>>> print(open('start19.cif').read())   # mmCIF, C-alpha atoms (C1' of nucleotides)
data_protein
#
loop_
_atom_site.label_atom_id
_atom_site.label_comp_id
_atom_site.auth_asym_id
_atom_site.auth_seq_id
_atom_site.Cartn_x
_atom_site.Cartn_y
_atom_site.Cartn_z
CA MET I 130 76.73 44.54 52.40
CA GLY I 131 75.42 48.02 53.16
CA ASN I 132 71.94 46.53 53.32
CA PRO I 133 70.72 46.45 56.95
CA ILE I 134 68.56 43.36 56.32
CA LEU I 135 70.99 41.26 54.28
CA GLY I 136 74.02 42.51 56.16
CA GLU I 137 74.41 39.50 58.40
CA GLN I 138 74.11 36.98 55.59
CA SER I 139 76.66 38.85 53.51
CA ALA I 140 79.09 38.89 56.41
CA ALA I 141 78.79 35.10 56.76
CA ARG I 142 79.38 34.44 53.10
CA ALA I 143 82.87 33.91 51.75
CA ARG I 144 84.19 36.37 49.21
CA ILE I 145 83.48 35.32 45.62
CA SER I 146 86.01 36.38 42.98
CA PRO I 147 84.72 36.02 39.43
CA PHE I 148 87.34 35.72 36.67
CA TYR I 149 85.20 36.33 33.63
CA SER I 150 84.10 39.32 31.56
CA SER I 151 80.60 40.63 31.04
CA GLN I 152 80.55 38.92 27.62
CA ALA I 153 81.21 35.47 29.10
CA TRP I 154 78.50 32.80 28.76
CA ILE I 155 77.62 32.18 32.41
CA GLU I 156 74.30 30.69 33.49
CA GLY I 157 72.54 32.42 36.36
CA ARG I 158 72.09 29.01 37.95
CA ALA I 159 75.86 28.54 38.07
CA GLU I 160 76.35 31.88 39.84
CA ASP I 161 73.53 30.96 42.24
CA GLN I 162 75.37 27.75 43.07
CA LEU I 163 78.57 29.69 43.59
CA ALA I 164 76.80 31.97 46.07
CA GLN I 165 75.21 29.00 47.87
CA VAL I 166 78.52 27.22 48.34
CA ALA I 167 80.13 30.48 49.47
CA ALA I 168 77.66 30.44 52.40
CA TRP I 169 78.59 26.93 53.54
CA PRO I 170 80.16 26.66 56.99
CA GLY I 171 83.88 27.32 57.16
CA MET I 172 84.13 28.67 53.61
CA ALA I 173 86.95 31.23 53.34
CA ALA I 174 87.11 32.18 49.66
CA VAL I 175 85.60 31.20 46.30
CA ALA I 176 86.82 31.78 42.74
CA GLY I 177 84.78 31.31 39.56
CA PHE I 178 86.37 30.93 36.13
CA PRO I 179 85.01 31.67 32.62
CA ASP I 180 84.13 28.01 32.02
CA LEU I 181 81.80 28.12 35.05
CA HIS I 182 78.62 26.06 34.63
CA PRO I 183 76.07 24.35 36.90
CA GLY I 184 76.93 21.01 38.44
CA ARG I 185 75.17 18.41 40.56
CA PHE I 186 76.71 19.25 43.95
CA GLY I 187 77.98 22.71 43.15
CA PRO I 188 79.28 24.72 40.22
CA VAL I 189 81.97 23.39 37.90
CA GLY I 190 84.85 25.66 36.88
CA ALA I 191 85.50 26.98 40.37
CA ALA I 192 87.84 26.75 43.36
CA PHE I 193 86.80 26.79 47.03
CA LEU I 194 89.03 27.43 50.05
CA ALA I 195 87.58 26.14 53.32
CA ASP I 196 88.59 25.19 56.85
CA ARG I 197 87.33 21.64 56.28
CA ILE I 198 87.07 19.02 53.55
CA TRP I 199 83.92 18.88 51.43
CA PRO I 200 83.97 15.71 49.27
CA GLN I 201 81.04 16.92 47.14
CA LEU I 202 83.20 19.86 45.99
CA VAL I 203 85.55 17.31 44.46
CA GLY I 204 82.76 15.07 43.18
CA PRO I 205 82.77 11.39 42.21
CA ASP I 206 85.53 11.62 39.61
CA ILE I 207 88.35 12.22 42.08
CA GLY I 208 91.61 12.99 40.31
CA CYS I 209 90.07 13.64 36.91
CA GLY I 210 92.45 15.62 34.74
CA MET I 211 93.91 16.53 31.36
CA ALA I 212 97.25 15.18 30.17
CA LEU I 213 98.91 16.55 27.04
CA TRP I 214 101.51 14.47 25.20
CA ARG I 215 103.65 15.26 22.21
CA LEU I 216 103.98 12.54 19.59
CA ASP I 217 107.07 11.98 17.49
CA LEU I 218 104.80 11.61 14.48
CA PRO I 219 104.44 14.67 12.25
CA ARG I 220 101.05 15.68 10.91
CA HIS I 221 102.09 15.18 7.29
CA ARG I 222 102.71 11.49 7.97
CA LEU I 223 99.32 10.92 9.60
CA LYS I 224 96.67 8.98 7.69
CA ILE I 225 93.48 9.79 9.54
CA ASP I 226 91.34 6.83 8.38
CA LYS I 227 94.05 4.36 9.24
CA ALA I 228 94.66 6.03 12.61
CA VAL I 229 90.93 5.89 13.39
CA ARG I 230 90.92 2.13 12.78
CA ARG I 231 94.05 1.54 14.82
CA LEU I 232 92.85 3.56 17.80
CA ALA I 233 89.93 1.14 18.21
CA VAL I 234 92.24 -0.86 20.53
CA LEU I 235 91.55 1.82 23.15
CA ASP I 236 88.16 0.16 23.69
CA ARG I 237 89.90 -2.85 25.20
CA GLY I 238 91.82 -0.77 27.71
CA ALA I 239 95.27 -1.62 29.00
CA ASP I 240 96.47 -5.20 29.35
CA PRO I 241 95.34 -6.23 32.87
CA ASP I 242 98.75 -7.70 33.78
CA GLU I 243 100.63 -4.59 32.63
CA ALA I 244 98.14 -2.35 34.41
CA ALA I 245 98.44 -4.39 37.60
CA SER I 246 102.23 -4.26 37.64
CA ALA I 247 102.25 -0.53 36.86
CA TRP I 248 99.80 0.01 39.72
CA ALA I 249 101.82 -2.24 42.05
CA ALA I 250 104.77 0.11 41.51
CA ALA I 251 102.69 2.87 43.08
CA GLY I 252 102.29 0.71 46.20
CA LEU I 253 98.58 1.46 46.56
CA GLU I 254 97.01 -1.92 45.61
CA GLY I 255 95.85 -2.32 49.19
CA VAL I 256 93.85 0.92 49.00
CA ILE I 257 92.14 0.55 45.60
CA GLY I 258 92.43 -2.09 42.89
CA ALA I 259 94.01 -1.88 39.43
CA GLU I 260 90.94 -3.12 37.54
CA GLY I 261 89.90 -0.72 34.82
CA LEU I 262 93.24 1.08 34.48
CA GLY I 263 93.88 2.27 30.95
CA SER I 264 90.23 2.91 30.03
CA ILE I 265 88.83 6.25 28.88
CA GLY I 266 85.30 5.94 30.29
CA GLY I 267 82.20 7.87 29.22
CA GLY I 268 80.72 11.29 29.81
CA ASN I 269 83.05 14.06 28.72
CA HIS I 270 86.15 11.85 28.76
CA PHE I 271 88.17 11.37 25.60
CA CYS I 272 91.52 10.70 24.01
CA GLU I 273 92.06 13.28 21.29
CA LEU I 274 94.69 13.47 18.57
CA GLN I 275 95.45 17.12 17.94
CA ALA I 276 97.60 19.10 15.54
CA VAL I 277 99.54 22.17 16.61
CA GLU I 278 98.41 25.06 14.43
CA GLU I 279 100.18 27.92 16.15
CA ALA I 280 102.81 28.13 18.88
CA VAL I 281 104.86 30.77 20.70
CA PRO I 282 108.44 29.64 19.95
CA GLU I 283 109.97 31.30 23.03
CA ALA I 284 107.50 29.51 25.34
CA THR I 285 107.25 25.97 24.02
CA THR I 286 109.10 23.42 21.92
CA LEU I 287 105.82 22.61 20.15
CA ARG I 288 105.77 23.70 16.51
CA PRO I 289 103.02 23.94 13.91
CA GLY I 290 102.64 20.54 12.28
CA ASP I 291 103.41 18.63 15.47
CA LEU I 292 100.86 16.10 16.71
CA CYS I 293 99.73 15.81 20.32
CA LEU I 294 97.44 13.64 22.39
CA LEU I 295 95.12 15.23 24.91
CA VAL I 296 93.79 12.64 27.37
CA HIS I 297 90.86 13.58 29.60
CA SER I 298 89.98 10.89 32.11
CA GLY I 299 89.88 10.18 35.79
CA SER I 300 89.49 7.53 38.44
CA ARG I 301 86.52 5.81 36.74
CA GLY I 302 84.66 3.44 39.07
CA ARG I 303 87.28 3.80 41.84
CA GLY I 304 86.54 7.46 42.58
CA ALA I 305 82.81 6.93 42.22
CA GLN I 306 82.96 4.04 44.69
CA ILE I 307 84.91 6.14 47.20
CA PHE I 308 82.43 8.99 46.85
CA GLU I 309 79.37 6.81 47.27
CA GLY I 310 80.86 4.92 50.20
CA LEU I 311 81.34 8.02 52.33
CA ASP I 312 79.84 8.29 55.78
CA VAL I 313 76.80 10.60 55.84
CA SER I 314 78.67 13.07 58.07
CA TRP I 315 80.38 14.37 54.91
CA LYS I 316 77.28 16.47 54.38
CA GLN I 317 78.66 18.83 57.02
CA GLY I 318 82.18 18.49 55.65
CA TYR I 319 85.02 16.61 57.30
CA ALA I 320 87.47 18.08 59.79
CA ALA I 321 90.85 17.18 58.30
CA ASP I 322 92.04 15.64 61.56
CA SER I 323 88.92 13.49 62.01
CA ALA I 324 89.08 9.75 61.30
CA ALA I 325 86.60 10.17 58.42
CA GLY I 326 88.59 13.09 57.04
CA GLN I 327 91.88 11.19 57.19
CA ARG I 328 90.28 8.16 55.55
CA TYR I 329 88.82 10.30 52.77
CA LEU I 330 92.19 11.97 52.13
CA ALA I 331 93.96 8.60 51.89
CA LEU I 332 91.37 7.30 49.40
CA HIS I 333 91.41 10.62 47.52
CA ASP I 334 95.20 10.49 47.14
CA ALA I 335 95.05 6.91 45.88
CA ALA I 336 92.36 7.89 43.35
CA MET I 337 94.57 10.79 42.21
CA ALA I 338 97.46 8.39 41.55
CA TRP I 339 95.11 5.91 39.85
CA ALA I 340 93.69 8.61 37.57
CA ARG I 341 97.15 9.89 36.62
CA LEU I 342 98.35 6.39 35.78
CA ASN I 343 95.11 5.81 33.88
CA ARG I 344 95.85 8.80 31.62
CA ALA I 345 99.43 7.63 31.07
CA LEU I 346 98.29 4.12 30.12
CA ILE I 347 95.69 5.52 27.70
CA ALA I 348 98.34 7.71 26.04
CA GLY I 349 100.67 4.70 25.87
CA LEU I 350 98.02 2.59 24.16
CA ALA I 351 97.24 5.36 21.67
CA ALA I 352 100.90 5.97 20.86
CA GLU I 353 101.47 2.24 20.38
CA ALA I 354 98.46 2.08 18.06
CA LEU I 355 99.94 4.93 16.02
CA SER I 356 103.44 3.36 16.08
CA CYS I 357 105.07 6.35 17.68
CA ALA I 358 106.37 7.54 21.04
CA ALA I 359 104.61 10.00 23.36
CA SER I 360 106.37 12.42 25.69
CA LEU I 361 104.48 14.15 28.48
CA ILE I 362 104.10 17.91 28.28
CA CYS I 363 101.85 18.31 31.32
CA ASP I 364 99.25 16.46 33.39
CA THR I 365 96.88 18.67 35.35
CA VAL I 366 94.17 17.53 37.76
CA HIS I 367 90.88 19.45 37.96
CA ASN I 368 88.88 17.51 40.59
CA GLN I 369 90.80 17.47 43.85
CA VAL I 370 91.32 18.85 47.34
CA VAL I 371 94.77 20.01 48.47
CA ALA I 372 96.18 21.77 51.55
CA ARG I 373 96.82 25.47 50.98
CA ASP I 374 97.59 28.24 53.47
CA GLY I 375 96.55 26.05 56.39
CA LEU I 376 93.15 25.51 54.76
CA TRP I 377 91.70 23.09 52.20
CA LEU I 378 91.52 24.10 48.57
CA HIS I 379 88.88 22.31 46.51
CA ARG I 380 89.14 22.41 42.74
CA LYS I 381 86.03 21.39 40.82
CA GLY I 382 86.66 21.58 37.11
CA ALA I 383 89.57 23.92 37.79
CA ALA I 384 93.23 23.11 37.20
CA GLY I 385 96.14 23.97 39.47
CA ALA I 386 97.97 27.10 38.37
CA ASP I 387 101.19 26.23 40.21
CA ARG I 388 102.79 23.93 37.64
CA GLY I 389 103.49 26.31 34.77
CA LEU I 390 101.57 24.64 31.96
CA VAL I 391 97.87 23.79 31.71
CA PRO I 392 95.84 22.46 28.77
CA LEU I 393 92.55 24.24 28.08
CA ALA I 394 90.34 21.74 26.28
CA GLY I 395 88.12 23.24 23.61
CA SER I 396 85.68 20.73 22.13
CA ARG I 397 85.62 18.11 19.42
CA ASP I 398 84.79 20.94 17.01
CA ALA I 399 86.93 23.74 18.43
CA PRO I 400 90.61 24.28 19.21
CA SER I 401 92.29 23.57 22.53
CA TYR I 402 95.10 25.66 23.99
CA LEU I 403 98.26 25.00 25.90
CA MET I 404 98.50 27.80 28.45
CA SER I 405 101.31 29.23 30.48
CA VAL I 406 99.87 29.97 33.93
CA THR I 407 100.95 31.77 37.08
CA ASP I 408 99.84 31.60 40.70
CA SER I 409 100.25 35.37 41.08
CA VAL I 410 96.65 36.47 41.59
CA PRO I 411 95.71 35.50 45.17
CA GLU I 412 91.95 35.68 44.59
CA ALA I 413 92.22 32.97 41.91
CA LEU I 414 93.27 30.51 44.64
CA GLY I 415 96.09 28.98 42.61
CA SER I 416 93.61 27.76 40.04
CA VAL I 417 92.58 28.30 36.43
CA SER I 418 90.12 26.91 33.85
CA HIS I 419 90.72 23.47 32.40
CA GLY I 420 88.41 23.69 29.42
CA ALA I 421 85.79 25.70 27.57
CA GLY I 422 83.08 24.55 29.98
CA ARG I 423 79.62 23.32 29.18
CA ARG I 424 77.24 25.74 27.49
CA TYR I 425 74.24 23.36 27.40
CA ASP I 426 73.54 20.43 29.72
CA ARG I 427 73.37 16.88 28.43
CA ALA I 428 69.58 16.58 28.46
CA SER I 429 69.01 19.74 26.44
CA MET I 430 71.52 18.65 23.77
CA HIS I 431 69.08 15.91 22.71
CA GLY I 432 66.64 18.63 21.70
CA ARG I 433 69.28 20.80 20.07
CA VAL I 434 70.72 18.20 17.73
CA ARG I 435 68.82 16.99 14.67
CA LYS I 436 68.55 13.25 14.57
CA THR I 437 68.33 12.33 10.90
CA LYS I 438 70.89 9.80 9.73
CA SER I 439 72.86 12.45 7.85
CA ASP I 440 72.82 14.88 10.78
CA LEU I 441 74.16 12.20 13.10
CA ALA I 442 76.78 11.24 10.51
CA ALA I 443 77.83 14.90 10.35
CA LEU I 444 78.54 14.78 14.08
CA THR I 445 81.35 12.31 13.41
CA ARG I 446 83.25 14.94 11.38
CA ASN I 447 84.63 18.27 12.46
CA ARG I 448 85.39 21.57 10.77
CA PHE I 449 89.11 20.75 10.67
CA GLY I 450 88.67 17.65 8.54
CA GLY I 451 88.88 15.56 11.70
CA ARG I 452 86.86 12.62 12.97
CA VAL I 453 84.86 11.76 16.06
CA VAL I 454 84.84 8.10 17.12
CA CYS I 455 81.85 7.58 19.38
CA GLU I 456 79.64 4.53 19.01
CA ASP I 457 77.28 5.79 21.71
CA ARG I 458 74.51 7.78 19.97
CA ASP I 459 73.53 9.62 23.15
CA LEU I 460 77.10 10.70 23.86
CA LEU I 461 77.54 11.74 20.25
CA MET I 462 74.77 14.29 20.74
CA GLU I 463 75.50 15.24 24.35
CA GLU I 464 79.15 15.99 23.60
CA ALA I 465 78.64 17.70 20.22
CA GLY I 466 80.62 20.89 19.61
CA PRO I 467 77.73 23.28 20.42
CA ALA I 468 77.46 21.75 23.93
CA TYR I 469 80.57 23.73 24.83
CA LYS I 470 81.39 27.40 25.20
CA ASN I 471 83.77 29.11 22.81
CA PRO I 472 87.27 28.23 24.06
CA GLU I 473 88.67 31.34 22.42
CA ALA I 474 86.44 33.54 24.59
CA VAL I 475 87.42 31.58 27.72
CA MET I 476 91.10 31.89 26.79
CA ARG I 477 90.70 35.64 26.22
CA ASP I 478 89.11 36.18 29.64
CA LEU I 479 91.88 34.23 31.38
CA SER I 480 94.46 36.20 29.45
CA ASP I 481 92.83 39.60 30.07
CA LEU I 482 92.52 38.87 33.79
CA GLY I 483 96.18 37.87 34.09
CA LEU I 484 95.70 34.17 34.89
CA ALA I 485 97.10 32.58 31.74
CA ARG I 486 98.45 33.19 28.28
CA PRO I 487 98.10 30.92 25.28
CA ILE I 488 101.37 29.39 24.08
CA ALA I 489 99.97 26.90 21.56
CA ARG I 490 96.71 26.35 19.70
CA LEU I 491 95.77 22.78 18.82
CA VAL I 492 92.99 21.56 16.57
CA PRO I 493 91.19 18.21 16.97
CA LEU I 494 91.91 15.59 14.30
CA ILE I 495 90.54 12.47 16.00
CA THR I 496 88.35 12.66 19.09
CA PHE I 497 88.22 9.11 20.36
CA LYS I 498 85.57 8.01 22.85
CA SER I 499 84.60 4.48 21.91
CA ALA I 500 84.75 2.55 18.66
CA GLY I 501 82.14 -0.11 19.42
CA LYS I 502 81.92 -3.42 17.62
CA ALA I 503 81.52 -2.03 14.13
CA ILE I 504 84.85 -0.26 13.95
CA ALA I 505 86.68 -2.59 16.35
CA GLY I 506 85.90 -5.47 13.97
CA GLU I 507 87.49 -3.56 11.09
CA ALA I 508 90.75 -3.04 12.93
CA GLU I 509 93.65 -5.08 11.69
"C1'" DA G 296 81.45 10.87 36.99
"C1'" DT G 297 79.81 5.40 37.39
"C1'" DG G 298 82.43 -2.58 34.85
"C1'" DT G 299 75.95 3.34 35.42
"C1'" DC G 300 69.43 3.22 35.91
"C1'" DC G 301 65.13 1.35 33.61
#
>>> encode(input="start19.cif", output="structure tokens")
Amino acid sequence: MGNPILGEQSAARARISPFYSSQAWIEGRAEDQLAQVAAWPGMAAVAGFPDLHPGRFGPVGAAFLADRIWPQLVGPDIGCGMALWRLDLPRHRLKIDKAVRRLAVLDRGADPDEAASAWAAAGLEGVIGAEGLGSIGGGNHFCELQAVEEAVPEATTLRPGDLCLLVHSGSRGRGAQIFEGLDVSWKQGYAADSAAGQRYLALHDAAMAWARLNRALIAGLAAEALSCAASLICDTVHNQVVARDGLWLHRKGAAGADRGLVPLAGSRDAPSYLMSVTDSVPEALGSVSHGAGRRYDRASMHGRVRKTKSDLAALTRNRFGGRVVCEDRDLLMEEAGPAYKNPEAVMRDLSDLGLARPIARLVPLITFKSAGKAIAGEAE
DNA sequence: ATGTCC
């Protein structure tokens, strides 16, 4: 800024507002990416959250306000989000082994006819198809049964001993297809009023609706498997672009802070939080963390996890007496607890910086990814 | 991220 040589570059770069403390686990590479994106044309403001980590097209755990639309700042999983549901099944009535077996039906996904008619109600069949609705997918996606351990009674109806479902999924192949099918001009960003920009927005909005319905169908399948009802507490998207202040706000691994409640996913071996959030800090761009954030990338987790039979078996249990259902050996290692930052530290930073306060703490009892043939065959 | 790439 005061530097006569770098002065011009600094002037061209958008302001970056970091929302994390000096103790936060933030890779230098993630901050480098943040600075690079801040220098893209038309960038007005950038916010980084304590779950910030490097991503393929830009950092994850950040929000970007620009005069144009940058599809790579949303990424392939358009509309990906976290939905939290309360179950009318108390923890003391839960039999974990039985629940694990019953949840294997999630592998099959939603009934295609039911999915198609639910999607038809949205009126978007002409834009993208219903195929695949009601499926969790891979990567960091999951359907997790959680128990409320602590709650602020004045702020939530959740009480210790209640069970919840946290569903993390997105637009699956639909979003990926939209992203890969984009015209090359997206590399300079789209003007919102251009034909390409309008087309992207229409597809983006359809993918958002698809992803939201996908999460609802997954929760419905899980509740049915557990013979109980699920009621929605909140559903928050963290990969999206929305109009804000006459500009375009991109959220990449950052949830909207304008809907009151946001889940902060921990990991399969650490608690999650339900947060009360406010859009009162302008530099945060109406956004907040959606999870603990990756500490180690997928590739390096293979070297960090021991691969003996007993070590791998240990990865299917957690410190809360819970279970991990994941037939995919690679994913079992890549998504192990140590792959994620400490959610408590992320929560503390958000709280200290005035972006959110915890109103419930939830521990993972069953983290479901995929059952595979072995367990699916056991299911009654 | 991907009815995923060898």
>>> interface_residues(input="start19.cif", of="chain I", to="chain G", cutoff="7 Å", atoms="all atoms listed in the file", output="tab-separated table (two decimals) with C-alpha atoms, keeping the file's coordinate frame")
chain	number	residue	atom	x	y	z
I	205	PRO	CA	82.77	11.39	42.21
I	206	ASP	CA	85.53	11.62	39.61
I	301	ARG	CA	86.52	5.81	36.74
I	302	GLY	CA	84.66	3.44	39.07
I	305	ALA	CA	82.81	6.93	42.22
>>> atom_distance(input="start19.cif", atom1="atom CA of Gly375 of chain I", atom2="atom CA of His333 of chain I")
18.5 Å
>>> resolve_selection(input="start19.cif", expression="the PyMOL selection byres ((chain I and resi 424) around 7)", output="count of residues only")
7
>>> resolve_selection(input="start19.cif", expression="the PyMOL selection byres ((chain I and resi 393) around 6)", output="MDAnalysis selection string")
chainID I and resid 392 394 401:402 419:420
>>> write_last_selection(input="start19.cif", atoms="C-alpha atoms", output="compact mmCIF listing (two decimals), keeping the file's coordinate frame")
# COMPACT_ATOMS: atom_id res chain seq x y z
CA PRO I 392 95.84 22.46 28.77
CA ALA I 394 90.34 21.74 26.28
CA SER I 401 92.29 23.57 22.53
CA TYR I 402 95.10 25.66 23.99
CA HIS I 419 90.72 23.47 32.40
CA GLY I 420 88.41 23.69 29.42
>>> residues_around(input="start19.cif", residues="segment 435-450 of chain I", least_positions_apart="2", cutoff="8 Å", atoms="all atoms listed in the file", output="PyMOL selection string")
chain I and resi 397-398+432-433+452-455+461-462+465+492-494
>>> closest_residue(input="start19.cif", among="I:Leu346, I:Met337, I:Val296, I:Ile198", to="Gly261 of chain I", atoms="all atoms listed in the file")
I:Leu346
>>> resolve_selection(input="start19.cif", expression="the PyMOL selection byres ((chain I and resi 168-170) around 12)", output="VMD selection string")
chain I and resid 137 to 145 161 to 167 171 to 175 187 193 to 199 202 316 to 320
>>> closest_residue(input="start19.cif", among="I:Leu292, I:Leu350, I:Leu332, I:Val366", to="Gly304 of chain I", atoms="only C-alpha atoms")
I:Leu332
>>> closest_residue(input="start19.cif", among="I:Gly267, I:Ser418, I:Glu160, I:Val203", to="Arg477 of chain I", atoms="all atoms listed in the file")
I:Ser418
>>> closest_residue(input="start19.cif", among="I:Gly190, I:Pro219, I:Pro147, I:Pro200", to="Ser356 of chain I", atoms="all atoms listed in the file")
I:Pro219
>>> closest_residue(input="start19.cif", among="I:Ala159, I:Ala428, I:Ala348, I:Leu355", to="Met211 of chain I", atoms="all atoms listed in the file")
I:Ala348
>>> atom_distance(input="start19.cif", atom1="atom CA of Ser298 of chain I", atom2="atom CA of Ala325 of chain I")
26.5 Å
>>> atom_distance(input="start19.cif", atom1="atom CA of Glu309 of chain I", atom2="atom CA of Gly210 of chain I")
20.1 Å
>>> build_atoms(input="start19.cif", residues="segment 197-214 of chain I", atoms="N, CA, C and O atoms", output="PDB file, in the coordinates of the input")
ATOM      1  N   ARG I 197      87.600  23.073  56.176  1.00  0.00           N
ATOM      2  CA  ARG I 197      87.330  21.640  56.280  1.00  0.00           C
ATOM      3  C   ARG I 197      87.277  21.034  54.880  1.00  0.00           C
ATOM      4  O   ARG I 197      87.377  21.754  53.881  1.00  0.00           O
ATOM      5  N   ILE I 198      87.094  19.736  54.833  1.00  0.00           N
ATOM      6  CA  ILE I 198      87.070  19.020  53.550  1.00  0.00           C
ATOM      7  C   ILE I 198      85.631  18.716  53.162  1.00  0.00           C
ATOM      8  O   ILE I 198      84.886  18.116  53.939  1.00  0.00           O
ATOM      9  N   TRP I 199      85.259  19.130  51.958  1.00  0.00           N
ATOM     10  CA  TRP I 199      83.920  18.880  51.430  1.00  0.00           C
ATOM     11  C   TRP I 199      84.044  17.937  50.224  1.00  0.00           C
ATOM     12  O   TRP I 199      84.319  18.394  49.110  1.00  0.00           O
ATOM     13  N   PRO I 200      83.804  16.643  50.397  1.00  0.00           N
ATOM     14  CA  PRO I 200      83.970  15.710  49.270  1.00  0.00           C
ATOM     15  C   PRO I 200      83.086  16.045  48.065  1.00  0.00           C
ATOM     16  O   PRO I 200      83.493  15.787  46.923  1.00  0.00           O
ATOM     17  N   GLN I 201      81.905  16.618  48.297  1.00  0.00           N
ATOM     18  CA  GLN I 201      81.040  16.920  47.140  1.00  0.00           C
ATOM     19  C   GLN I 201      81.604  18.053  46.280  1.00  0.00           C
ATOM     20  O   GLN I 201      81.180  18.213  45.142  1.00  0.00           O
ATOM     21  N   LEU I 202      82.562  18.822  46.813  1.00  0.00           N
ATOM     22  CA  LEU I 202      83.200  19.860  45.990  1.00  0.00           C
ATOM     23  C   LEU I 202      84.330  19.291  45.144  1.00  0.00           C
ATOM     24  O   LEU I 202      84.925  19.993  44.343  1.00  0.00           O
ATOM     25  N   VAL I 203      84.621  18.015  45.337  1.00  0.00           N
ATOM     26  CA  VAL I 203      85.550  17.310  44.460  1.00  0.00           C
ATOM     27  C   VAL I 203      84.736  16.455  43.481  1.00  0.00           C
ATOM     28  O   VAL I 203      85.039  16.370  42.300  1.00  0.00           O
ATOM     29  N   GLY I 204      83.653  15.870  44.019  1.00  0.00           N
ATOM     30  CA  GLY I 204      82.760  15.070  43.180  1.00  0.00           C
ATOM     31  C   GLY I 204      83.205  13.630  43.083  1.00  0.00           C
ATOM     32  O   GLY I 204      84.204  13.227  43.679  1.00  0.00           O
ATOM     33  N   PRO I 205      82.470  12.819  42.324  1.00  0.00           N
ATOM     34  CA  PRO I 205      82.770  11.390  42.210  1.00  0.00           C
ATOM     35  C   PRO I 205      84.047  11.091  41.427  1.00  0.00           C
ATOM     36  O   PRO I 205      84.718  10.107  41.705  1.00  0.00           O
ATOM     37  N   ASP I 206      84.363  11.935  40.431  1.00  0.00           N
ATOM     38  CA  ASP I 206      85.530  11.620  39.610  1.00  0.00           C
ATOM     39  C   ASP I 206      86.778  12.256  40.204  1.00  0.00           C
ATOM     40  O   ASP I 206      87.370  13.175  39.631  1.00  0.00           O
ATOM     41  N   ILE I 207      87.174  11.715  41.358  1.00  0.00           N
ATOM     42  CA  ILE I 207      88.350  12.220  42.080  1.00  0.00           C
ATOM     43  C   ILE I 207      89.607  12.026  41.225  1.00  0.00           C
ATOM     44  O   ILE I 207      89.852  10.933  40.724  1.00  0.00           O
ATOM     45  N   GLY I 208      90.353  13.093  41.050  1.00  0.00           N
ATOM     46  CA  GLY I 208      91.610  12.990  40.310  1.00  0.00           C
ATOM     47  C   GLY I 208      91.471  13.158  38.810  1.00  0.00           C
ATOM     48  O   GLY I 208      92.455  13.020  38.070  1.00  0.00           O
ATOM     49  N   CYS I 209      90.277  13.442  38.352  1.00  0.00           N
ATOM     50  CA  CYS I 209      90.070  13.640  36.910  1.00  0.00           C
ATOM     51  C   CYS I 209      90.986  14.770  36.432  1.00  0.00           C
ATOM     52  O   CYS I 209      91.186  15.756  37.136  1.00  0.00           O
ATOM     53  N   GLY I 210      91.532  14.604  35.238  1.00  0.00           N
ATOM     54  CA  GLY I 210      92.450  15.620  34.740  1.00  0.00           C
ATOM     55  C   GLY I 210      92.685  15.537  33.246  1.00  0.00           C
ATOM     56  O   GLY I 210      92.081  14.719  32.540  1.00  0.00           O
ATOM     57  N   MET I 211      93.540  16.432  32.784  1.00  0.00           N
ATOM     58  CA  MET I 211      93.910  16.530  31.360  1.00  0.00           C
ATOM     59  C   MET I 211      95.418  16.320  31.248  1.00  0.00           C
ATOM     60  O   MET I 211      96.185  17.034  31.904  1.00  0.00           O
ATOM     61  N   ALA I 212      95.822  15.370  30.431  1.00  0.00           N
ATOM     62  CA  ALA I 212      97.250  15.180  30.170  1.00  0.00           C
ATOM     63  C   ALA I 212      97.534  15.413  28.699  1.00  0.00           C
ATOM     64  O   ALA I 212      96.837  14.873  27.834  1.00  0.00           O
ATOM     65  N   LEU I 213      98.533  16.248  28.431  1.00  0.00           N
ATOM     66  CA  LEU I 213      98.910  16.550  27.040  1.00  0.00           C
ATOM     67  C   LEU I 213     100.264  15.898  26.734  1.00  0.00           C
ATOM     68  O   LEU I 213     101.210  16.027  27.514  1.00  0.00           O
ATOM     69  N   TRP I 214     100.301  15.191  25.621  1.00  0.00           N
ATOM     70  CA  TRP I 214     101.510  14.470  25.200  1.00  0.00           C
ATOM     71  C   TRP I 214     101.886  14.907  23.801  1.00  0.00           C
ATOM     72  O   TRP I 214     101.025  15.146  22.955  1.00  0.00           O
TER      73      TRP I 214
END
